[in-house]
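Pasted below: start.txt, compact mmCIF, C-alpha atoms and all ligand atoms.
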# COMPACT_ATOMS: atom_id res chain seq x y z
CA MET A 1 39.08 -5.47 -29.03
CA ALA A 2 42.87 -5.45 -28.45
CA THR A 3 44.09 -2.88 -25.95
CA ASN A 4 47.50 -1.27 -25.84
CA GLY A 5 49.55 -0.76 -22.65
CA LYS A 6 48.50 2.83 -22.36
CA GLU A 7 44.80 1.92 -22.33
CA GLN A 8 45.40 -0.87 -19.80
CA ARG A 9 47.26 1.52 -17.48
CA THR A 10 44.45 4.00 -17.76
CA ARG A 11 41.95 1.32 -16.81
CA ALA A 12 44.04 0.30 -13.80
CA GLU A 13 44.28 3.91 -12.74
CA ARG A 14 40.54 4.25 -13.12
CA HIS A 15 40.08 1.20 -10.89
CA GLN A 16 42.20 2.90 -8.24
CA GLU A 17 40.09 6.03 -8.49
CA VAL A 18 36.95 4.09 -7.59
CA GLY A 19 38.67 2.27 -4.75
CA HIS A 20 39.16 -1.10 -6.47
CA LYS A 21 40.55 -3.53 -3.91
CA GLY A 22 40.20 -6.92 -5.55
CA LEU A 23 38.07 -9.28 -3.44
CA GLN A 24 38.59 -7.16 -0.33
CA LEU A 25 39.05 -10.36 1.63
CA GLY A 26 38.62 -9.92 5.32
CA LYS A 27 36.85 -6.61 4.90
CA GLU A 28 33.93 -6.14 7.27
CA SER A 29 31.35 -4.93 4.83
CA GLN A 30 27.79 -5.38 3.67
CA HIS A 31 28.67 -5.97 0.04
CA LEU A 32 30.88 -8.10 -2.19
CA LEU A 33 31.35 -5.66 -5.05
CA GLU A 34 34.95 -5.04 -5.96
CA SER A 35 34.45 -1.31 -5.99
CA ASP A 36 33.18 0.56 -2.94
CA ALA A 37 32.49 3.54 -5.17
CA LEU A 38 30.30 1.46 -7.48
CA TYR A 39 28.38 0.11 -4.51
CA GLN A 40 27.92 3.64 -3.22
CA TYR A 41 26.65 4.60 -6.67
CA ILE A 42 23.97 1.85 -6.52
CA LEU A 43 22.87 3.05 -3.10
CA GLU A 44 22.74 6.69 -4.11
CA ILE A 45 21.14 6.38 -7.57
CA SER A 46 18.68 3.56 -6.92
CA VAL A 47 18.24 2.64 -3.27
CA TYR A 48 18.36 5.58 -0.85
CA PRO A 49 16.19 8.00 -2.84
CA ARG A 50 13.39 5.41 -3.00
CA GLU A 51 13.85 3.77 0.39
CA PRO A 52 10.53 3.92 2.24
CA GLU A 53 10.74 6.26 5.27
CA PRO A 54 10.21 3.48 7.88
CA MET A 55 13.05 1.43 6.34
CA LYS A 56 15.32 4.46 6.46
CA GLU A 57 14.38 5.09 10.07
CA LEU A 58 15.07 1.46 10.99
CA ARG A 59 18.36 1.43 9.09
CA VAL A 60 19.54 4.56 10.91
CA LEU A 61 18.44 3.14 14.26
CA THR A 62 20.14 -0.20 13.57
CA ALA A 63 23.38 1.53 12.53
CA LYS A 64 23.78 2.62 16.17
CA HIS A 65 23.52 -0.97 17.44
CA PRO A 66 26.79 -2.77 18.27
CA ARG A 67 25.88 -5.75 16.06
CA ASN A 68 24.78 -3.65 13.09
CA LEU A 69 26.86 -5.70 10.64
CA MET A 70 24.19 -8.40 10.93
CA ALA A 71 21.57 -6.19 9.30
CA THR A 72 20.40 -6.76 5.76
CA SER A 73 21.88 -4.07 3.51
CA ALA A 74 19.63 -1.43 1.99
CA ASP A 75 20.11 -2.71 -1.57
CA GLU A 76 19.23 -6.26 -0.51
CA GLY A 77 16.18 -4.90 1.34
CA GLN A 78 15.07 -3.22 -1.86
CA PHE A 79 15.66 -6.46 -3.77
CA LEU A 80 13.61 -8.55 -1.33
CA ASN A 81 10.80 -6.02 -1.42
CA MET A 82 10.63 -6.17 -5.20
CA LEU A 83 10.97 -9.97 -5.34
CA LEU A 84 8.04 -10.42 -2.97
CA LYS A 85 5.89 -8.15 -5.09
CA LEU A 86 6.94 -9.93 -8.29
CA ILE A 87 5.86 -13.30 -6.93
CA ASN A 88 2.72 -11.89 -5.26
CA ALA A 89 3.79 -13.34 -1.95
CA LYS A 90 1.16 -13.46 0.74
CA ASN A 91 2.17 -16.10 3.27
CA THR A 92 5.85 -15.85 4.26
CA MET A 93 8.35 -16.86 6.88
CA GLU A 94 11.57 -15.32 8.15
CA ILE A 95 14.22 -17.07 10.21
CA GLY A 96 16.60 -14.52 11.75
CA VAL A 97 15.00 -11.13 12.39
CA TYR A 98 17.57 -9.08 14.38
CA THR A 99 16.12 -5.51 14.42
CA GLY A 100 13.78 -6.27 11.54
CA TYR A 101 15.10 -4.58 8.39
CA SER A 102 14.36 -7.53 6.06
CA LEU A 103 11.13 -8.13 8.01
CA LEU A 104 10.04 -4.57 7.32
CA ALA A 105 11.03 -4.86 3.64
CA THR A 106 8.80 -7.96 3.54
CA ALA A 107 5.90 -6.45 5.49
CA LEU A 108 5.86 -3.45 3.15
CA ALA A 109 5.66 -5.72 0.10
CA LEU A 110 2.80 -7.94 1.29
CA PRO A 111 -0.89 -7.17 0.83
CA ASP A 112 -2.77 -5.98 3.90
CA ASP A 113 -3.87 -9.54 4.74
CA GLY A 114 -0.36 -10.94 4.14
CA LYS A 115 1.40 -12.85 6.90
CA ILE A 116 4.98 -13.27 8.10
CA LEU A 117 5.89 -15.91 10.63
CA ALA A 118 9.10 -14.42 12.02
CA MET A 119 11.42 -16.20 14.41
CA ASP A 120 14.52 -15.29 16.35
CA ILE A 121 16.17 -16.41 19.56
CA ASN A 122 16.48 -12.75 20.53
CA ARG A 123 13.29 -10.77 21.15
CA GLU A 124 15.13 -7.72 22.50
CA ASN A 125 16.59 -6.76 19.11
CA TYR A 126 13.25 -7.34 17.39
CA GLU A 127 11.65 -5.00 19.91
CA LEU A 128 14.14 -2.25 19.07
CA GLY A 129 12.69 -2.00 15.57
CA LEU A 130 9.10 -2.93 16.45
CA PRO A 131 7.88 0.63 17.20
CA ILE A 132 8.85 1.64 13.66
CA ILE A 133 6.95 -1.35 12.23
CA GLN A 134 3.95 -0.47 14.41
CA LYS A 135 4.06 3.20 13.41
CA ALA A 136 4.02 2.10 9.74
CA GLY A 137 0.81 0.14 10.44
CA LEU A 138 2.38 -3.21 9.54
CA ALA A 139 2.57 -5.08 12.85
CA HIS A 140 -0.67 -6.99 12.20
CA LYS A 141 1.08 -8.92 9.39
CA ILE A 142 3.74 -10.28 11.75
CA GLU A 143 3.63 -13.21 14.13
CA PHE A 144 6.91 -13.18 16.04
CA ARG A 145 8.04 -16.38 17.73
CA GLU A 146 10.94 -16.17 20.15
CA GLY A 147 13.19 -19.20 20.23
CA PRO A 148 15.41 -21.41 18.11
CA ALA A 149 13.88 -21.96 14.68
CA LEU A 150 14.32 -25.71 14.40
CA PRO A 151 11.77 -26.77 17.05
CA ILE A 152 9.33 -24.19 15.69
CA LEU A 153 9.70 -25.71 12.21
CA ASP A 154 9.22 -29.18 13.67
CA GLU A 155 6.03 -27.98 15.29
CA LEU A 156 4.82 -26.61 11.94
CA MET A 157 5.58 -29.99 10.35
CA GLN A 158 3.12 -31.61 12.77
CA ASP A 159 0.24 -29.97 10.93
CA GLU A 160 -0.56 -31.09 7.36
CA LYS A 161 -2.06 -27.73 6.50
CA ASN A 162 1.35 -26.03 6.74
CA TYR A 163 2.82 -28.22 4.01
CA GLY A 164 3.26 -26.34 0.74
CA SER A 165 1.71 -23.25 2.30
CA TYR A 166 4.49 -20.64 2.12
CA ASP A 167 5.06 -18.39 -0.88
CA PHE A 168 8.41 -17.13 0.37
CA ILE A 169 10.83 -18.01 3.18
CA PHE A 170 13.87 -15.89 4.04
CA VAL A 171 16.60 -17.66 6.01
CA ASP A 172 19.14 -15.38 7.66
CA ALA A 173 20.19 -16.99 10.94
CA ASP A 174 22.66 -19.62 12.24
CA LYS A 175 24.56 -20.82 9.18
CA ASP A 176 25.32 -24.25 10.67
CA SER A 177 21.60 -25.03 10.71
CA TYR A 178 20.73 -24.09 7.14
CA LEU A 179 20.82 -27.67 5.85
CA ASN A 180 18.57 -28.80 8.69
CA TYR A 181 16.23 -25.92 7.90
CA HIS A 182 16.25 -26.88 4.23
CA LYS A 183 15.04 -30.42 5.00
CA ARG A 184 11.95 -28.91 6.57
CA LEU A 185 11.46 -25.76 4.52
CA ILE A 186 11.37 -27.66 1.24
CA GLU A 187 8.16 -29.29 2.52
CA LEU A 188 6.67 -26.08 3.88
CA VAL A 189 7.24 -23.86 0.84
CA LYS A 190 4.74 -24.36 -1.95
CA VAL A 191 5.70 -25.69 -5.37
CA GLY A 192 6.55 -22.52 -7.30
CA GLY A 193 7.42 -20.73 -4.06
CA VAL A 194 10.86 -19.43 -3.13
CA ILE A 195 13.29 -19.95 -0.27
CA GLY A 196 16.06 -17.34 -0.01
CA TYR A 197 19.17 -18.47 1.87
CA ASP A 198 21.20 -15.46 2.87
CA ASN A 199 24.98 -15.05 3.18
CA THR A 200 25.76 -17.92 0.84
CA LEU A 201 28.92 -16.21 -0.42
CA TRP A 202 30.01 -15.79 3.21
CA LYS A 203 32.21 -12.76 2.61
CA GLY A 204 34.04 -14.53 -0.20
CA SER A 205 35.67 -16.91 2.27
CA MET A 206 35.10 -20.00 0.14
CA VAL A 207 37.64 -18.82 -2.42
CA ALA A 208 40.01 -17.21 0.09
CA PRO A 209 43.53 -18.44 0.90
CA PRO A 210 43.85 -19.98 4.40
CA ASP A 211 45.74 -16.94 5.71
CA ALA A 212 43.10 -14.41 4.62
CA PRO A 213 42.42 -11.99 7.50
CA PHE A 214 38.87 -13.00 8.34
CA GLU A 215 37.40 -12.87 11.83
CA LYS A 216 37.25 -16.28 13.56
CA TYR A 217 33.47 -16.57 13.14
CA VAL A 218 33.85 -16.39 9.36
CA TRP A 219 36.20 -19.39 9.30
CA ALA A 220 34.02 -21.18 11.86
CA TYR A 221 30.98 -21.21 9.56
CA LYS A 222 32.68 -21.37 6.18
CA ASP A 223 32.44 -25.16 5.81
CA PHE A 224 28.74 -25.15 6.71
CA VAL A 225 28.02 -22.56 4.03
CA MET A 226 30.06 -24.56 1.50
CA GLU A 227 28.17 -27.74 2.35
CA LEU A 228 24.88 -25.93 1.93
CA ASN A 229 25.94 -24.53 -1.44
CA LYS A 230 26.97 -28.00 -2.65
CA ALA A 231 23.72 -29.55 -1.47
CA LEU A 232 21.52 -26.88 -3.06
CA ALA A 233 23.45 -27.16 -6.33
CA VAL A 234 22.41 -30.81 -6.76
CA ASP A 235 18.95 -30.74 -5.17
CA PRO A 236 16.49 -31.84 -7.89
CA ARG A 237 13.50 -30.39 -6.02
CA ILE A 238 14.59 -26.80 -6.67
CA GLU A 239 15.90 -24.42 -9.29
CA ILE A 240 18.53 -22.10 -7.89
CA CYS A 241 20.01 -18.71 -8.54
CA MET A 242 22.95 -17.40 -6.51
CA LEU A 243 23.10 -13.62 -6.47
CA PRO A 244 26.05 -11.53 -5.26
CA ILE A 245 23.83 -8.99 -3.51
CA GLY A 246 24.60 -8.24 0.14
CA ASP A 247 26.72 -11.18 1.27
CA GLY A 248 25.20 -13.42 -1.38
CA ILE A 249 21.69 -14.85 -1.47
CA THR A 250 20.68 -18.15 -3.05
CA LEU A 251 17.12 -18.18 -4.31
CA CYS A 252 15.60 -21.66 -4.46
CA ARG A 253 12.38 -22.11 -6.40
CA ARG A 254 10.63 -25.32 -5.46
CA ILE A 255 9.72 -27.27 -8.56
CA LYS A 256 8.53 -30.54 -7.03
N1 LIG B 301 17.41 -10.54 8.74
C1 LIG B 301 17.98 -9.65 9.72
C2 LIG B 301 17.99 -8.21 9.23
O1 LIG B 301 17.48 -7.94 8.14
O2 LIG B 301 18.54 -7.35 9.92
C3 LIG B 301 19.36 -10.08 10.16
C4 LIG B 301 19.41 -11.39 10.90
S1 LIG B 301 20.94 -11.65 11.74
C5 LIG B 301 22.09 -11.85 10.43
C6 LIG B 301 20.81 -13.30 12.37
C7 LIG B 301 19.76 -13.47 13.45
O3 LIG B 301 19.57 -14.87 13.63
C8 LIG B 301 20.14 -12.91 14.81
O4 LIG B 301 19.20 -11.95 15.21
C9 LIG B 301 20.14 -14.13 15.74
O5 LIG B 301 19.61 -13.85 17.03
C10 LIG B 301 19.24 -15.09 14.98
N2 LIG B 301 19.46 -16.51 15.29
C11 LIG B 301 20.63 -17.14 15.54
N3 LIG B 301 20.43 -18.45 15.76
C12 LIG B 301 19.09 -18.66 15.63
C13 LIG B 301 18.26 -19.80 15.73
N4 LIG B 301 18.76 -21.01 16.02
N5 LIG B 301 16.93 -19.65 15.53
C14 LIG B 301 16.41 -18.44 15.24
N6 LIG B 301 17.15 -17.31 15.13
C15 LIG B 301 18.47 -17.43 15.32
CA CA B 302 22.25 -11.79 6.21
Here is the file; what I need is its structure written in the form of structure tokens.
Ligand code: SAM
Ligand code: CA
Amino acid sequence: MATNGKEQRTRAERHQEVGHKGLQLGKESQHLLESDALYQYILEISVYPREPEPMKELRVLTAKHPRNLMATSADEGQFLNMLLKLINAKNTMEIGVYTGYSLLATALALPDDGKILAMDINRENYELGLPIIQKAGLAHKIEFREGPALPILDELMQDEKNYGSYDFIFVDADKDSYLNYHKRLIELVKVGGVIGYDNTLWKGSMVAPPDAPFEKYVWAYKDFVMELNKALAVDPRIEICMLPIGDGITLCRRIK
């Protein structure tokens, strides 16, 4: 439908009202939505009122931590929790735990005999959230391995029984290793199972001009994320779906 100038102005004004800031390049944030107000709306109408108490407690605790920007956002936590239930996941893996928000979202979604092999180079941060996971009666589902993920994956690859054994794998760690993880994870996830690579929109940096005001670490990893995205896009062993939730997550469903 054609719009006249008056209607267009009104729309622009409305955008301003909800805090429209274009791509918000360089903004330190947990979401990519153009409108902060719209994001807030999602949180308030759909996420916070239904957020399980332990997840809320962990989110509040993590918010006080100096590296809290690393945490999975509440809406992405809700998404992961639902996805795991939809696919009836039972045996899962997580690379990159931090204080455990996505881990808790996963543990809550799995059946009582479900398993999560969780790995992180930093045990201290995991232990910050652990009492909340224990209090929720979920710790028995988690096997935490401290250390870099790659050697742990190589160890898993030594045993035939691990091949094709994972229903879901969430990767949220060192972005420069994702392609190396993928080489291994594609063998470990079962056909029909899902790998979720997190932060694949990398704050929008891939479409940003070179003078966009990102922190150094964003530029440092941008090319690795772009390489990953290109490789996943042409990988015939998977179907993919790139979602703009959180900082972007690419779901890869193994098909062969
Ligand atoms: N999924 C977490 C959550 O929901 O809060 C956030 C993970 S945070 C973005 C990334 C984590 O990856 C950090 O805790 C970091 O210690 C971990 N990490 C970095 N390099 C790693 C590696 N080579 N192997 C395993 N973990 C690594
Ligand atoms: Ca992440």
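The coordinates place CA of Ala74 in chain A at 17.7 Å from CA of Tyr126 in chain A.
Close contacts of Ile169 in chain A, defined as residues with an atom at most 6 Å away when counting all atoms listed in the file, with chain neighbours fewer than 3 positions off set aside, comprise Thr92, Met93, Glu94 and Ile195 of chain A.
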Selected residues, C-alpha atoms, written as a PDB file, keeping the file's coordinate frame, please.
ATOM      1  CA  THR A  92       5.850 -15.850   4.260  1.00  0.00           C
ATOM      2  CA  MET A  93       8.350 -16.860   6.880  1.00  0.00           C
ATOM      3  CA  GLU A  94      11.570 -15.320   8.150  1.00  0.00           C
ATOM      4  CA  ILE A 195      13.290 -19.950  -0.270  1.00  0.00           C
TER       5      ILE A 195
END
Problem - Surroundings of ligand CA 302 (chain B) up to 6 Å, based on all atoms listed in the file, as a PyMOL selection string - result: chain A and resi 72+172+198-199
Exercise for the section: Quote the spacing between atom N6 of ligand LIG 301 (chain B) and CA of Met119 in chain A in Å to one decimal place. Expected result: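 Separating atom N6 of ligand LIG 301 (chain B) from CA of Met119 in chain A is a distance of 5.9 Å.
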Per residue of chain A within 8 Å of ligand LIG 301 (chain B), what are the shortest atom pair and its distance in Å to one decimal, counting all atoms listed in the file, with rows by chain and residue number, as CSV?
residue,atom,partner,partner_atom,distance
A:Asn68,CA,B:LIG301,O2,7.9
A:Leu69,CA,B:LIG301,C5,7.8
A:Met70,CA,B:LIG301,C5,4.1
A:Ala71,CA,B:LIG301,O2,3.3
A:Thr72,CA,B:LIG301,O1,3.9
A:Ser73,CA,B:LIG301,O1,7.5
A:Gly77,CA,B:LIG301,O1,7.6
A:Glu94,CA,B:LIG301,N1,7.6
A:Ile95,CA,B:LIG301,C14,5.7
A:Gly96,CA,B:LIG301,O3,3.5
A:Val97,CA,B:LIG301,C1,4.3
A:Tyr98,CA,B:LIG301,O4,3.4
A:Thr99,CA,B:LIG301,O2,5.4
A:Gly100,CA,B:LIG301,O2,5.1
A:Tyr101,CA,B:LIG301,O1,4.1
A:Ser102,CA,B:LIG301,O1,3.8
A:Leu103,CA,B:LIG301,O1,6.4
A:Met119,CA,B:LIG301,C14,5.5
A:Asp120,CA,B:LIG301,N6,3.5
A:Ile121,CA,B:LIG301,N6,4.6
A:Asn122,CA,B:LIG301,O5,4.8
A:Asn125,CA,B:LIG301,O4,7.0
A:Tyr126,CA,B:LIG301,O4,7.8
A:Glu146,CA,B:LIG301,C14,7.7
A:Gly147,CA,B:LIG301,C14,6.0
A:Pro148,CA,B:LIG301,N5,3.5
A:Ala149,CA,B:LIG301,N5,3.9
A:Leu150,CA,B:LIG301,N4,6.7
A:Phe170,CA,B:LIG301,N1,8.0
A:Val171,CA,B:LIG301,N1,7.7
A:Asp172,CA,B:LIG301,C4,5.1
A:Ala173,CA,B:LIG301,O3,3.5
A:Asp174,CA,B:LIG301,N3,4.3
A:Ser177,CA,B:LIG301,N4,7.2
